[in-house]
Structure formats: structure tokens, C-alpha cells
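Peer 1: Take a look at this one; I'll ask things after.
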Protein chains: 4
Amino acid sequence: MEQTATLLVCCPDRKGLVAALAQLLYGHGANILDADQHTDPVAGQFFQRIKFDLSDLRTDRTSLETAISEVAARFSMNWRIADGHHHSRTALFVSKYDHCLYDLLLRQRAGELSTEIPIIISNHADLEPVAKQFGIPFHHLPISKATKRAQENKALELLEAENVDLVVLARYMQILTDDFLKSYGGQVINIHHSFLPAFMGSKPYRQAFERGVKLIGATAHYATADLDEGPIIEQDVVRCSHRDSVQDLVRKGRDLEKMVLARAVRWHLDDRILVYDNKTVVFT
Amino acid sequence: MEQTATLLVCCPDRKGLVAALAQLLYGHGANILDADQHTDPVAGQFFQRIKFDLSDLRTDRTSLETAISEVAARFSMNWRIADGHHHSRTALFVSKYDHCLYDLLLRQRAGELSTEIPIIISNHADLEPVAKQFGIPFHHLPISKATKRAQENKALELLEAENVDLVVLARYMQILTDDFLKSYGGQVINIHHSFLPAFMGSKPYRQAFERGVKLIGATAHYATADLDEGPIIEQDVVRCSHRDSVQDLVRKGRDLEKMVLARAVRWHLDDRILVYDNKTVVFT
Amino acid sequence: MEQTATLLVCCPDRKGLVAALAQLLYGHGANILDADQHTDPVAGQFFQRIKFDLSDLRTDRTSLETAISEVAARFSMNWRIADGHHHSRTALFVSKYDHCLYDLLLRQRAGELSTEIPIIISNHADLEPVAKQFGIPFHHLPISKATKRAQENKALELLEAENVDLVVLARYMQILTDDFLKSYGGQVINIHHSFLPAFMGSKPYRQAFERGVKLIGATAHYATADLDEGPIIEQDVVRCSHRDSVQDLVRKGRDLEKMVLARAVRWHLDDRILVYDNKTVVFT
Amino acid sequence: MEQTATLLVCCPDRKGLVAALAQLLYGHGANILDADQHTDPVAGQFFQRIKFDLSDLRTDRTSLETAISEVAARFSMNWRIADGHHHSRTALFVSKYDHCLYDLLLRQRAGELSTEIPIIISNHADLEPVAKQFGIPFHHLPISKATKRAQENKALELLEAENVDLVVLARYMQILTDDFLKSYGGQVINIHHSFLPAFMGSKPYRQAFERGVKLIGATAHYATADLDEGPIIEQDVVRCSHRDSVQDLVRKGRDLEKMVLARAVRWHLDDRILVYDNKTVVFT
């Protein structure tokens, strides 16, 4: 694991892109383990994910990155490289529901999520015992209209202090302000309990019940300033019927939320996601 | 088949409903083959579907219906009874897409849909050969803004002449006017090519593509004056990804549309659907 | 909840069954909340589940049961009645995997499973801390060939002492002997990590990998003396591909196992399952 | 379309494979449109599919293929190249069921399957009218024990005369002999109406009914001498319950069979499938 790296690339489509990168990596002794690519003919964009083994690198890491940045400049590439040995650090934001929290903590412990979870932040104290069970520091930052800005600033300080790369809103029942998102800079994944764009906003299970749909859904997306409008990472649905009360939808939805959020977080941590045009390319 | 009947009932919930109907049917020698019920505690409504065998009826059919209407009056029931030997008559409305048309015609021929299909109506001539293959009269009623009213009147005449119980809009790319729906009186099932209420209106696959969803859907519903707002009968979804162009979504959607529409039509024809509060109870 | 009861009935099919039971319950002042039935025309068997409200019972509980047993005798019914106020007691048997254990404990705590869990039994000590977190007595009963009989006897004593109604094998990696099943008498639900009858026996994920299937499954069933041959309660599948190693199948399978087992246990606890002919009727 | 080609490669895994092919194609002016690869670490095998544009080829086609064969020799590659302008030719074998036949014919006409269908062969005359509707020559080759060899020889002659690349058994209720498979040489796709390896052999819906499964499946696979044991291309399932008779399973299964077979045929025709070790790598 420590000897691998993943390169993600996005650029205007043109000839020779695949060859240029493959040749460059081969020339440095990096062995391609997995490569996936996509061309969007409408947007004229090219996307690629290359995972490679560095154990027989002929040059050093600096030379490799320099070479990549030269090729990238030539092809106007946006790129980033992630090291297999770099453990990303994830913060979980929660309110009172424990199902997504338990799910992520158990998956992380089972080795499904390649991240550390150094911090849990909540506007309620309810889930502190869960954090304690897993030995993770829990910060209770209550929110009122008056204290929202202060609470967000405190959260930002904690994220910075802990070098957090990713924030996961695991049924965090607060809307992050545009200011927070801009100041944080890193990525934020949210789980919305409907099949977006249906039932945006609050109480989606009630909305679904009232419309009489035959499937309910859940959507994991990157949080943006436009609530429930960010790039969708993953969605799934489960069947329901006239027999399901709102409470039944809530219960069925819990399983959906857990699964959909976990998949999105996993793909993000494995550097499988590229965002463009308010959409995602997910190399699964 | 000819010796069975199906009773559908909807009324305010109260004690003794199940017993009253079961006792009544038993007393007349009708044998209950299948019974399903539902109580909506929020709306305080009771729903029941009872399928029974009439072959050993001790009284005659008129006595039975009189008895039912007496019980119904006592409990303020809405009810209807459908005979197994009554062949319903369905009209298909189509435009240029043939996939739902072929699908319904083949299912009807395979015995999956207990209805006759005496008439196909279209605003285009393209699918006349398909109708001919299956030996079904095809009526080409072209539409322009100026002729819409006249075309609908002509369609209404045909439906009446053919004693049509059910109209299925099998990707009919026209909106039926409120006048038409009122004048026709019978039920109309439409297939919308999205997971309603997401992507209402036109070009839902394009809308889905632009939003970057990870699943596309289809929805069969009863047509009402409010476009895409009628009671939902059935929905389903299929997975898509960044690799899918709008054309791919259209292709994947064709299979969905066929399956979802066919299920809805089948359930309707088997008298499995009750509508209330702009929702459906579907006894499957 | 405490004022409801559920009656499950199975008998040879004949006329008047539904009316007899509905009339009986109505006559005693029991209000039918939910009723579902099924007739198997091949086996000539009738099945019914009736959930009713006892809060306005005109007679007492003994009179009601006497009346039911008289009707039951007349129609050769197998029947059982379960009280809403009776809390069933479930024992969990586990080995080293914690995913099904955590899943069931969290669902029970969330109110999804109407049972108490007074005891966890394992042939390994690994999961004792989990039991402790949830405050449930944990019994470590190690097994070797020589001690198997003694261990099973010890387990039987514990089940009796705790008045256990249901045993759930939550990835318990031991085969219960026929003697144990006979002595225990109660019901035992197992989760097998394949789509039975495919891949019976050990290492089903490896078997699935080697056969190159495109879906993997999980099956919850009642345990019988014939391993993996008991009545199936629930099954589900998840997509896999050539990219999935055996370890990936194990990971994907964990989610499946949890979901499928939880649904089966829930339905059992809600008295929704009737067994006959080595199959199940599940009134969902 | 005519200016593209698809290269499929399988070889022992080693460094520089991706770079070698990418460089080769780039050097000849071929532009990579899509590339997908897979490494099986257990088998130590590397698989790649590269689709490229030939419209700006700097050399000619012969030079390109010579260059590929040189690289292939160096890396011990199995490879094949398919031209976008080459229209493959598919023969359909059917018996009496028409659902898969109609489905494939309609998909081909809708442009979903990039093949011509010059011939339909059947051991029964029933589906001749369908072939006629689509203007495709139909050959009725009845089979008895005595005539099986002669019928297969006649079929082989027809396949050769029509330059058939692919045979699709669209619910062909006969087993092809090992001799036929060897003599034909081309690939044969079969649809089996169960979730293999469950319910191999005859009457899988009856077997499924008797076992009481909660899902039924269908499996598309390449036909081999070992019946129902060939490499699996695609599988899917649909939910069933105690309410479903064998006839209901047959009806539900028809939709499954159509979908699963169509996907497999489409992937094969798009050169997305590599076979090794009695499994498939499907680059979707």
C-alpha cells in the first residue's frame, strides 16, 4: 500500500494523452497497476485515474512529480497525486442519529475506509458515548442562531488543528454556511435522505410519503453553497408501498443512507472521484 | 376465470368491516380465494380487495350485489365489483416510439394482460405497420394547435364506439387536455420517463444527464389535469454513470419504461389498484 | 402494542375459513387491524395472519382462545397466537465476525426488532467487548471435537435459563448438531453467505469467485438437521465483477448478510412467517 | 464508427505493457478513445481493451497490425483486433418461445446491437411468421434422436454459408453437441433460466419453486461442452414470493431472460468480453 500512488488527471481531450502519461510513468520505473479513463465528448474533456507501484522507481519522487508537471503543462492538465502511504484524515459531523456514525466507525475499523478519524463534531451531546467507545475525541459545539458563526469558526480551528482532509456530514442536521465551506477549503460529503433532485430541503421522507412514491432514495453529494445542489457521488433506492408509514420510510431509509454514504466516502478516500461541471466522474 | 369476481372497497375505518364482508360472501356461497386489506391510520381509511369464486353461489348475482350495496351503505363504502368473465377493452395511444407498443402487444398475446386491445390511436402514421402485424385497427389522428380539439373529439368518439375501459399512453408525446380527461371519464395510464417528482415536464433524460444523477427512473401514473402530478402506480430505476450519454440514458430508459408501464397496466387490469388522496393502494 | 395479538393459521383449504375467523373475532370484540392470507392451490393449503386489537374485547382472553381452538378443531387448523405485550427473547450465537452482531444489537436498540437480547454465546472470546458495550451477558463456550457435546449442553442450559424463544446464528461458524436442534425445540435462524442452493457448505465466497458469477448473494433460513437445506426466509444479491477479489466479495457480502439476516429476524419477531413443506410463507 | 477499431489483449502481467501499447498506437497516429484494463493478481494475468480512432492513421493498417504482432510476441500476448466497420453476423437459434427472439430483433432494429442477423434456425416451425415480419430467412430443421447429427451438420453449413460470427441460443431448447461446438469454432451465447450454478439442467423454474427461493435468476454464458458450466457473461435476478406459482416464475423470468441475454449479446458485439479460466472479464 505504501509503495503505490494514484494520479488523477482532467484536461481538454486531445491525442497522445494516454501515451504521454503511460510513457512517462514507464520511463521512471513506475508500474501501472490500474488505469481507467473517460472522455466526455460533449464537454470535450478527458479524465484519467492511474494507480501505480513505486517500489521499483528508477528516479526519485521529486523527479517524477516534476516530469508530471511538465507533461501537465503541455496538455493543460488539472492533476493531483495521492500517496498510498498518506493516511487521509476525516472528521465526522453528526447530530443525534447514530446509524451513519456507527456504520462509518465500524467500516473504518474493519479496514474498509483508508482514513483516520481523529475527530467527531456535533451540535448535540447525545453521541458522545459512541465516540468514547471508539476512542475518538468528541467536540460538542451547540448551535443557536446567535452562535452559528462562532461554532463554525471553532469547528474550522479544530479541522485545521487536526489536519483534516475530508469532512463527512453523517446526518448532520445543520446547514454549513457558504463562509464555512470557503474557509475550510477541503471537501465535504453530505448524505441527503432522498433521491435528489426529488424532495430537496427538509423532511424528505414526509414529502415522499405525501407524494405516494413507490421507491425512496438517498443521495451522497459534495456539499456546496447551494443546498442539495452539489455534485452527486452516489444514489440508491429501496422499494416502498402504501403500507409504509413515514416512520417505516425513516427505518428503511436508515439502511439506504448508511450504504450510500459509505460507498461515496470509500470512493473519495480511494481517489476515485473527479468533479467537473457540477457532476462527478467516479472510477469504480 | 369466468366464475370469479373481484370486490374493491374503500371506506372510513371502523370495527367489523372485515367480518361483515366475509360473512356476507360466505352466506351467499361465494368462496374467498384471495383477500388483501390495508388501513391508513393517518387518513383513517380502510381498503380491501377480495377475489372470490362464484361457481357455488347459492343465490343469484343480483341478490349478491344488493346485499353488498346494503352493507356498503351501512359502512359508507365506495365499492366496485369486477367480473372475471368481463373482458376489459384497452386503447393504446402512441406517437413514434415503438418499444412500449410492441411490449404491450406481445404481453397481451402471451396472456399476461387480461384485456382486449381493439384500437390503437396515434398522431403519427409511423406505427401503423406494427398495428397491422397484430391485426389491430390503427387510427391516425394528426395534431396541430388548430386541430387538437377536433382530434380529441374524434378520439373520444372512437373510444366510445369501442367501449374502451382503459386508455394507455404508451409514450404518446401529446398532453391530453383537461376536457378530454373529463369527457372520457375512464381511466388513463401514462408512462413518464423519469423518477417523478424529479424531472417533470419535457426531456427528462436530458435533465437527468445535466444533473449528473447516478440512477434514472420511470414512473407509471394515472393521468390527471395536472401534468405528471397524478397518482403514482409504479416506479423503477436503473443505474447509470458518467459514461452514459443522453442517448445511452434513452436506450436504458426504454427497458425501464416497458417494464414499469406493463406492471402498472397489469395491476390495473387485475383490479389491484385503489386511488385516494392522489396516491394509490396497490394490492400485489 | 400491548393490546394487540397476532393469530397465525395454516390448514387444508376449504370454504368459509375467512368468514369463520373474522366472525369469531368480531363476536368477541376484537378489531382486525391487518389480515393477510394465501392459498397454495398445489398443496391445497390455506394460510392466514390476522393482527387484531384487544382493547375492546367483550369477553376475556381465555374465552377467545377457547373459541379459536374450537374453530381450529372444526377446520383442522394449525394455529398459534402471539401477544403484542409478550416480549420474545432472542439469543445471539457468534464466532469472530462482528458485523451481524453489531447490526442486530443496534437495530434492537433502535426499536426495529421487538425482542429482548438477554444472552450472547460464542465459541471465541473476541466479541466479548461488544457484548459489554451493550450490557449483554456474554458466554464464552470454546469448542473442540471432544467438547462439542458438552458445549451444546451448556448452551441449552443457558437458553432454558433465559427462556429464549429464538436463536440467531449471526455468522456463528459452527454447525449445530441434530441433537441440539431437537433438544432446543425453539426456532433457529441462520445466515448463509451465498444465494442458496448455489454454493452450499464452506467458503461460499471462494466458490463464487472461482465460478465467476456476476452477483453474490446471502440467504437467511431456519436451521435444520440438513445443513443449508432449511426453509428459506429471505435472500438478496449484490453485483460483482472480474475486478472483485475474494476479499472484495467478503466485504460486499458483509452488507448483504447484515441486511438479509435483519429482515428475516424482524419478520420472524413480527410473527409474519409460516413454514410448510420446507418453504416459508412470509406475510410482509 | 467505420474509422474505429478495438484491440483486446490478454497476457502474463509485467511492467511496461500499458506504455508499450499506448506508445505504439500513438506512434502510428491512432487516437485512443477508450481504454480499460484489469490485472488479476491471483492468475498473474493482464487484460486490456483499447478502442481507438484510425481516421488520422499515419501508416497503413497492415503496418499497424505488424507492429502490434511484434509487441504481442515480446509480451506473449493473446490479442485480437475488431474493426468498427466490420459488421458481425449473428444467427439466432430458437424453439417455440418468442420473447427472446422478438427482443433481440427489435433491439437490432433499434440500433442497440451492432450486428446483422441474416438467419434464424429452429427445430420447430412456430416462429417462422416472426422471422418473416422482420424479413429474415428462417430455416426449420426438425430434430429427432436419429436426425440430430444431420440437423447439426445442416446448421453448420448454413452458418458457414452466411459467414456467421456469433450464434445466440435465444431459448433454443436443444443441447448442442460437443461436435457441433468444435466444428463451428465461433462463439455461442446461451441464456439459462436460473441463477447458475443453482438449478442447472432442465426445468429450473420448477426447481426454484420447489426449493422455495425468494429470488429467481437468469444467466447468459458462453456455451461449452459441459452443459450450463460455460463462462458466465451476465446474471440478474427478480424477487418472487410464496404467492408465485411456477407459471408466475415463468412469466417473471421471461423479462429477466430478455434483459440478461440482450446485455450479454450487446457486450459481446461491442468486443467487451475476454474469456479466461472459464470466467469472463467484461469491460463495461
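Residue names in the C-alpha cells use chain letters A, B, ... in the order shown, residue numbers from 1 in each chain, and ligand numbers from 1 in the order shown.
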Near Arg243 (chain A), within 9 Å and counting only C-alpha atoms, which residues show up once chain neighbours fewer than 4 positions away are dropped, as a ChimeraX atom specification?

Peer 2: /A:248 /B:38-40,281

Peer 1: As a list of chain:residue names, could you give me every residue of chain C near chain D (at most 6 Å apart, counting only C-alpha atoms)?

Peer 2: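 In the required form, that comes to C:Pro197, C:Ala198, C:Gly212, C:Lys214, C:Gln235, C:His242, C:Lys279, C:Val281.
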
Peer 1: Would you kindly return, as a compact mmCIF listing (two decimals) with N, CA, C and O atoms, in the first residue's frame, each protein, DNA or RNA residue with an atom no farther than 12 Å from any atom of Thr66 (chain D), considering only C-alpha atoms and excluding same-chain residues fewer than 4 positions away?

Peer 2:
```txt
# COMPACT_ATOMS: atom_id res chain seq x y z
N LEU D 24 2.83 2.59 -29.02
CA LEU D 24 2.69 2.03 -30.37
C LEU D 24 1.54 2.70 -31.12
O LEU D 24 1.70 3.16 -32.26
N LEU D 25 0.39 2.79 -30.47
CA LEU D 25 -0.78 3.37 -31.14
C LEU D 25 -0.54 4.85 -31.44
O LEU D 25 -0.83 5.34 -32.53
N HIS D 28 1.66 5.48 -34.44
CA HIS D 28 1.03 5.27 -35.75
C HIS D 28 -0.10 6.27 -36.02
O HIS D 28 -0.76 6.19 -37.04
N THR D 59 0.39 5.58 -40.72
CA THR D 59 0.86 4.48 -41.57
C THR D 59 -0.39 3.79 -42.12
O THR D 59 -1.47 4.34 -42.04
N ASP D 60 -0.23 2.59 -42.65
CA ASP D 60 -1.45 1.89 -43.08
C ASP D 60 -1.80 0.81 -42.06
O ASP D 60 -1.08 0.55 -41.12
N ARG D 61 -2.92 0.21 -42.31
CA ARG D 61 -3.46 -0.78 -41.40
C ARG D 61 -2.52 -1.99 -41.24
O ARG D 61 -2.36 -2.52 -40.15
N THR D 62 -1.92 -2.39 -42.32
CA THR D 62 -1.01 -3.55 -42.27
C THR D 62 0.19 -3.26 -41.36
O THR D 62 0.56 -4.09 -40.53
N GLU D 70 4.30 -7.63 -33.29
CA GLU D 70 5.66 -7.66 -32.75
C GLU D 70 5.66 -7.43 -31.24
O GLU D 70 6.29 -8.14 -30.48
N VAL D 71 4.91 -6.40 -30.83
CA VAL D 71 4.78 -6.15 -29.38
C VAL D 71 4.15 -7.36 -28.69
O VAL D 71 4.58 -7.77 -27.61
N ALA D 72 3.14 -7.92 -29.33
CA ALA D 72 2.43 -9.06 -28.75
C ALA D 72 3.39 -10.23 -28.54
O ALA D 72 3.35 -10.91 -27.51
N ALA D 73 4.25 -10.46 -29.50
CA ALA D 73 5.21 -11.56 -29.38
C ALA D 73 6.15 -11.31 -28.20
O ALA D 73 6.44 -12.21 -27.41
N ILE D 81 -8.09 -7.95 -32.92
CA ILE D 81 -8.48 -6.59 -33.25
C ILE D 81 -9.79 -6.66 -34.04
O ILE D 81 -9.96 -7.52 -34.89
```

Peer 1: Compare A:Ser202, A:Asn163, A:Gln108, A:Thr224 by their minimum atom-to-atom distance to Thr177 (chain A), counting only C-alpha atoms, and give me the closest one.

Peer 2: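 The closest residue to Thr177 (chain A) is A:Thr224.
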
Peer 1: Determine which residues of region 59-252 of chain A receive a DSSP assignment of strand (DSSP E or B), computed from the backbone, and state them as a count of residues only.

Peer 2: 50

Peer 1: Considering only C-alpha atoms, return as a list of chain:residue names whatever protein or nucleic-acid residues lie within 8 Å of Ile143 (chain B), sequence-local ones (same chain, fewer than 5 positions apart) excluded.

Peer 2: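 Those residues are B:Asn123, B:Lys148, B:Gln151.
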
Peer 1: Assign secondary structure with DSSP using the backbone only, and return the residues of region 95-262 of chain D in alpha helix (DSSP H) as an NGL selection string.

Peer 2: :D and (99-109 or 128-133 or 148-161 or 178-184 or 204-211 or 246-262)

Peer 1: Smallest atom-to-atom distance to Ser114 (chain C): which of C:Leu166, C:Ala43, C:Ala218, C:Leu33, using only C-alpha atoms?

Peer 2: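 Residue with the minimum atom-to-atom distance to Ser114 (chain C): C:Leu166.
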
Peer 1: Residues near region 132-142 of chain C, anyone? I mean within 7 Å using only C-alpha atoms, not counting same-chain ones fewer than 5 positions away, as a PyMOL selection string.

Peer 2: chain C and resi 118-125+151

Peer 1: Grab the residues selected above and save them as a PDB file, in the first residue's frame with all heavy atoms.

Peer 2:
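Dumped everything to part_36.pdb:
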```pdb
ATOM      1  N   PRO C 118     -31.110 -11.253  25.820  1.00  0.00           N
ATOM      2  CA  PRO C 118     -30.548 -11.427  27.165  1.00  0.00           C
ATOM      3  C   PRO C 118     -29.211 -12.144  27.187  1.00  0.00           C
ATOM      4  O   PRO C 118     -28.585 -12.227  28.253  1.00  0.00           O
ATOM      5  CB  PRO C 118     -31.613 -12.267  27.867  1.00  0.00           C
ATOM      6  CG  PRO C 118     -32.242 -13.059  26.773  1.00  0.00           C
ATOM      7  CD  PRO C 118     -32.185 -12.209  25.535  1.00  0.00           C
ATOM      8  N   ILE C 119     -28.769 -12.651  26.008  1.00  0.00           N
ATOM      9  CA  ILE C 119     -27.590 -13.511  26.071  1.00  0.00           C
ATOM     10  C   ILE C 119     -26.901 -13.608  24.714  1.00  0.00           C
ATOM     11  O   ILE C 119     -27.553 -13.678  23.677  1.00  0.00           O
ATOM     12  CB  ILE C 119     -28.006 -14.921  26.573  1.00  0.00           C
ATOM     13  CG1 ILE C 119     -26.786 -15.823  26.746  1.00  0.00           C
ATOM     14  CG2 ILE C 119     -29.021 -15.557  25.648  1.00  0.00           C
ATOM     15  CD1 ILE C 119     -27.119 -17.114  27.466  1.00  0.00           C
ATOM     16  N   ILE C 120     -25.566 -13.579  24.760  1.00  0.00           N
ATOM     17  CA  ILE C 120     -24.748 -13.811  23.570  1.00  0.00           C
ATOM     18  C   ILE C 120     -23.810 -14.967  23.881  1.00  0.00           C
ATOM     19  O   ILE C 120     -23.152 -14.972  24.927  1.00  0.00           O
ATOM     20  CB  ILE C 120     -23.936 -12.552  23.194  1.00  0.00           C
ATOM     21  CG1 ILE C 120     -24.890 -11.404  22.844  1.00  0.00           C
ATOM     22  CG2 ILE C 120     -22.975 -12.832  22.040  1.00  0.00           C
ATOM     23  CD1 ILE C 120     -24.216 -10.048  22.672  1.00  0.00           C
ATOM     24  N   ILE C 121     -23.787 -15.940  22.993  1.00  0.00           N
ATOM     25  CA  ILE C 121     -22.967 -17.129  23.191  1.00  0.00           C
ATOM     26  C   ILE C 121     -21.957 -17.215  22.055  1.00  0.00           C
ATOM     27  O   ILE C 121     -22.301 -16.981  20.902  1.00  0.00           O
ATOM     28  CB  ILE C 121     -23.857 -18.404  23.223  1.00  0.00           C
ATOM     29  CG1 ILE C 121     -24.702 -18.412  24.502  1.00  0.00           C
ATOM     30  CG2 ILE C 121     -23.022 -19.674  23.107  1.00  0.00           C
ATOM     31  CD1 ILE C 121     -25.728 -19.522  24.582  1.00  0.00           C
ATOM     32  N   SER C 122     -20.719 -17.543  22.394  1.00  0.00           N
ATOM     33  CA  SER C 122     -19.696 -17.640  21.349  1.00  0.00           C
ATOM     34  C   SER C 122     -18.680 -18.722  21.669  1.00  0.00           C
ATOM     35  O   SER C 122     -18.383 -18.991  22.828  1.00  0.00           O
ATOM     36  CB  SER C 122     -18.971 -16.298  21.180  1.00  0.00           C
ATOM     37  OG  SER C 122     -18.006 -16.399  20.159  1.00  0.00           O
ATOM     38  N   ASN C 123     -18.137 -19.298  20.614  1.00  0.00           N
ATOM     39  CA  ASN C 123     -17.044 -20.260  20.800  1.00  0.00           C
ATOM     40  C   ASN C 123     -15.683 -19.554  20.854  1.00  0.00           C
ATOM     41  O   ASN C 123     -14.659 -20.200  20.982  1.00  0.00           O
ATOM     42  CB  ASN C 123     -17.061 -21.329  19.704  1.00  0.00           C
ATOM     43  CG  ASN C 123     -16.996 -20.726  18.308  1.00  0.00           C
ATOM     44  OD1 ASN C 123     -17.490 -19.614  18.094  1.00  0.00           O
ATOM     45  ND2 ASN C 123     -16.431 -21.449  17.368  1.00  0.00           N
ATOM     46  N   HIS C 124     -15.690 -18.235  20.736  1.00  0.00           N
ATOM     47  CA  HIS C 124     -14.464 -17.440  20.858  1.00  0.00           C
ATOM     48  C   HIS C 124     -14.724 -16.259  21.795  1.00  0.00           C
ATOM     49  O   HIS C 124     -15.870 -15.824  21.934  1.00  0.00           O
ATOM     50  CB  HIS C 124     -14.019 -16.908  19.499  1.00  0.00           C
ATOM     51  CG  HIS C 124     -13.604 -17.996  18.566  1.00  0.00           C
ATOM     52  ND1 HIS C 124     -12.400 -18.641  18.656  1.00  0.00           N
ATOM     53  CD2 HIS C 124     -14.251 -18.573  17.513  1.00  0.00           C
ATOM     54  CE1 HIS C 124     -12.314 -19.559  17.708  1.00  0.00           C
ATOM     55  NE2 HIS C 124     -13.435 -19.542  16.999  1.00  0.00           N
ATOM     56  N   ALA C 125     -13.653 -15.735  22.350  1.00  0.00           N
ATOM     57  CA  ALA C 125     -13.813 -14.635  23.305  1.00  0.00           C
ATOM     58  C   ALA C 125     -13.779 -13.260  22.641  1.00  0.00           C
ATOM     59  O   ALA C 125     -14.052 -12.245  23.279  1.00  0.00           O
ATOM     60  CB  ALA C 125     -12.720 -14.713  24.372  1.00  0.00           C
ATOM     61  N   GLN C 151     -20.389 -28.544  25.196  1.00  0.00           N
ATOM     62  CA  GLN C 151     -20.631 -27.129  24.936  1.00  0.00           C
ATOM     63  C   GLN C 151     -22.088 -26.909  24.552  1.00  0.00           C
ATOM     64  O   GLN C 151     -22.740 -25.987  25.030  1.00  0.00           O
ATOM     65  CB  GLN C 151     -19.692 -26.650  23.810  1.00  0.00           C
ATOM     66  CG  GLN C 151     -19.695 -25.150  23.611  1.00  0.00           C
ATOM     67  CD  GLN C 151     -20.532 -24.757  22.400  1.00  0.00           C
ATOM     68  OE1 GLN C 151     -21.391 -25.518  21.926  1.00  0.00           O
ATOM     69  NE2 GLN C 151     -20.347 -23.534  21.968  1.00  0.00           N
TER      70      GLN C 151
END
```

Peer 1: Could you state the separation of CA of Tyr26 (chain A) and CA of Val275 (chain A) in Å, given to one decimal place?

Peer 2: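 Between CA of Tyr26 (chain A) and CA of Val275 (chain A) the gap is 27.2 Å.
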
Peer 1: Have a look at CA of Thr284 (chain A) and CA of Lys51 (chain A) and let me know their distance in Å, one decimal.

Peer 2: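 The value is 12.6 Å.
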
Peer 1: Which residues come within 10 Å of Ala225 (chain C), counting only C-alpha atoms, excluding same-chain residues fewer than 2 positions away, as JSON, numbers by chain?

Peer 2: {"C": [175, 176, 177, 178, 179, 180, 181, 182, 223, 227, 228, 229, 230]}

Peer 1: Using only N, CA and C atoms, please write the residues we just selected to a file, as a PDB file, in the first residue's frame.

Peer 2:
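The result, stored in out-v2.pdb:
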```pdb
ATOM      1  N   ILE C 175     -21.433 -25.750  13.190  1.00  0.00           N
ATOM      2  CA  ILE C 175     -22.666 -26.428  12.810  1.00  0.00           C
ATOM      3  C   ILE C 175     -23.331 -26.984  14.064  1.00  0.00           C
ATOM      4  N   LEU C 176     -24.595 -26.644  14.251  1.00  0.00           N
ATOM      5  CA  LEU C 176     -25.321 -27.190  15.389  1.00  0.00           C
ATOM      6  C   LEU C 176     -25.696 -28.635  15.080  1.00  0.00           C
ATOM      7  N   THR C 177     -25.559 -29.488  16.071  1.00  0.00           N
ATOM      8  CA  THR C 177     -25.912 -30.896  15.831  1.00  0.00           C
ATOM      9  C   THR C 177     -27.425 -31.052  15.798  1.00  0.00           C
ATOM     10  N   ASP C 178     -27.817 -32.139  15.177  1.00  0.00           N
ATOM     11  CA  ASP C 178     -29.223 -32.505  15.130  1.00  0.00           C
ATOM     12  C   ASP C 178     -29.765 -32.620  16.559  1.00  0.00           C
ATOM     13  N   ASP C 179     -28.959 -33.199  17.446  1.00  0.00           N
ATOM     14  CA  ASP C 179     -29.354 -33.326  18.856  1.00  0.00           C
ATOM     15  C   ASP C 179     -29.680 -31.968  19.462  1.00  0.00           C
ATOM     16  N   PHE C 180     -28.824 -30.998  19.220  1.00  0.00           N
ATOM     17  CA  PHE C 180     -29.055 -29.668  19.767  1.00  0.00           C
ATOM     18  C   PHE C 180     -30.388 -29.113  19.260  1.00  0.00           C
ATOM     19  N   LEU C 181     -30.586 -29.200  17.947  1.00  0.00           N
ATOM     20  CA  LEU C 181     -31.810 -28.640  17.358  1.00  0.00           C
ATOM     21  C   LEU C 181     -33.048 -29.309  17.947  1.00  0.00           C
ATOM     22  N   LYS C 182     -32.977 -30.625  18.120  1.00  0.00           N
ATOM     23  CA  LYS C 182     -34.125 -31.336  18.679  1.00  0.00           C
ATOM     24  C   LYS C 182     -34.355 -30.963  20.134  1.00  0.00           C
ATOM     25  N   ALA C 223     -32.629 -23.053  10.541  1.00  0.00           N
ATOM     26  CA  ALA C 223     -31.666 -24.148  10.590  1.00  0.00           C
ATOM     27  C   ALA C 223     -32.390 -25.466  10.778  1.00  0.00           C
ATOM     28  N   LEU C 227     -27.803 -29.401   6.685  1.00  0.00           N
ATOM     29  CA  LEU C 227     -27.077 -28.132   6.593  1.00  0.00           C
ATOM     30  C   LEU C 227     -27.419 -27.377   5.307  1.00  0.00           C
ATOM     31  N   ASP C 228     -27.755 -26.100   5.437  1.00  0.00           N
ATOM     32  CA  ASP C 228     -28.043 -25.223   4.298  1.00  0.00           C
ATOM     33  C   ASP C 228     -29.261 -25.659   3.487  1.00  0.00           C
ATOM     34  N   GLU C 229     -30.078 -26.529   4.063  1.00  0.00           N
ATOM     35  CA  GLU C 229     -31.234 -27.032   3.327  1.00  0.00           C
ATOM     36  C   GLU C 229     -32.551 -26.593   3.965  1.00  0.00           C
ATOM     37  N   GLY C 230     -32.489 -25.816   5.028  1.00  0.00           N
ATOM     38  CA  GLY C 230     -33.709 -25.427   5.737  1.00  0.00           C
ATOM     39  C   GLY C 230     -34.554 -24.439   4.947  1.00  0.00           C
TER      40      GLY C 230
END
```

Peer 1: Which residues, written as a list in words, have at least one atom at most 9 Å from Gly253 (chain A), with only C-alpha atoms counted and residues fewer than 3 positions away on the same chain left out?

Peer 2: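 Once the nearby chain positions are removed, what remains is His193, Ser194, Tyr205, Ile216, Gly217, Ala218, Val237, Val238, Asp248, Leu249, Val250, Leu256, Glu257 and Lys258 of chain A.
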
Peer 1: Find the distance between CA of Asp98 (chain B) and CA of Val130 (chain D) and write it in Å to one decimal.

Peer 2: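 Straight-line distance from CA of Asp98 (chain B) to CA of Val130 (chain D) works out to 16.3 Å.
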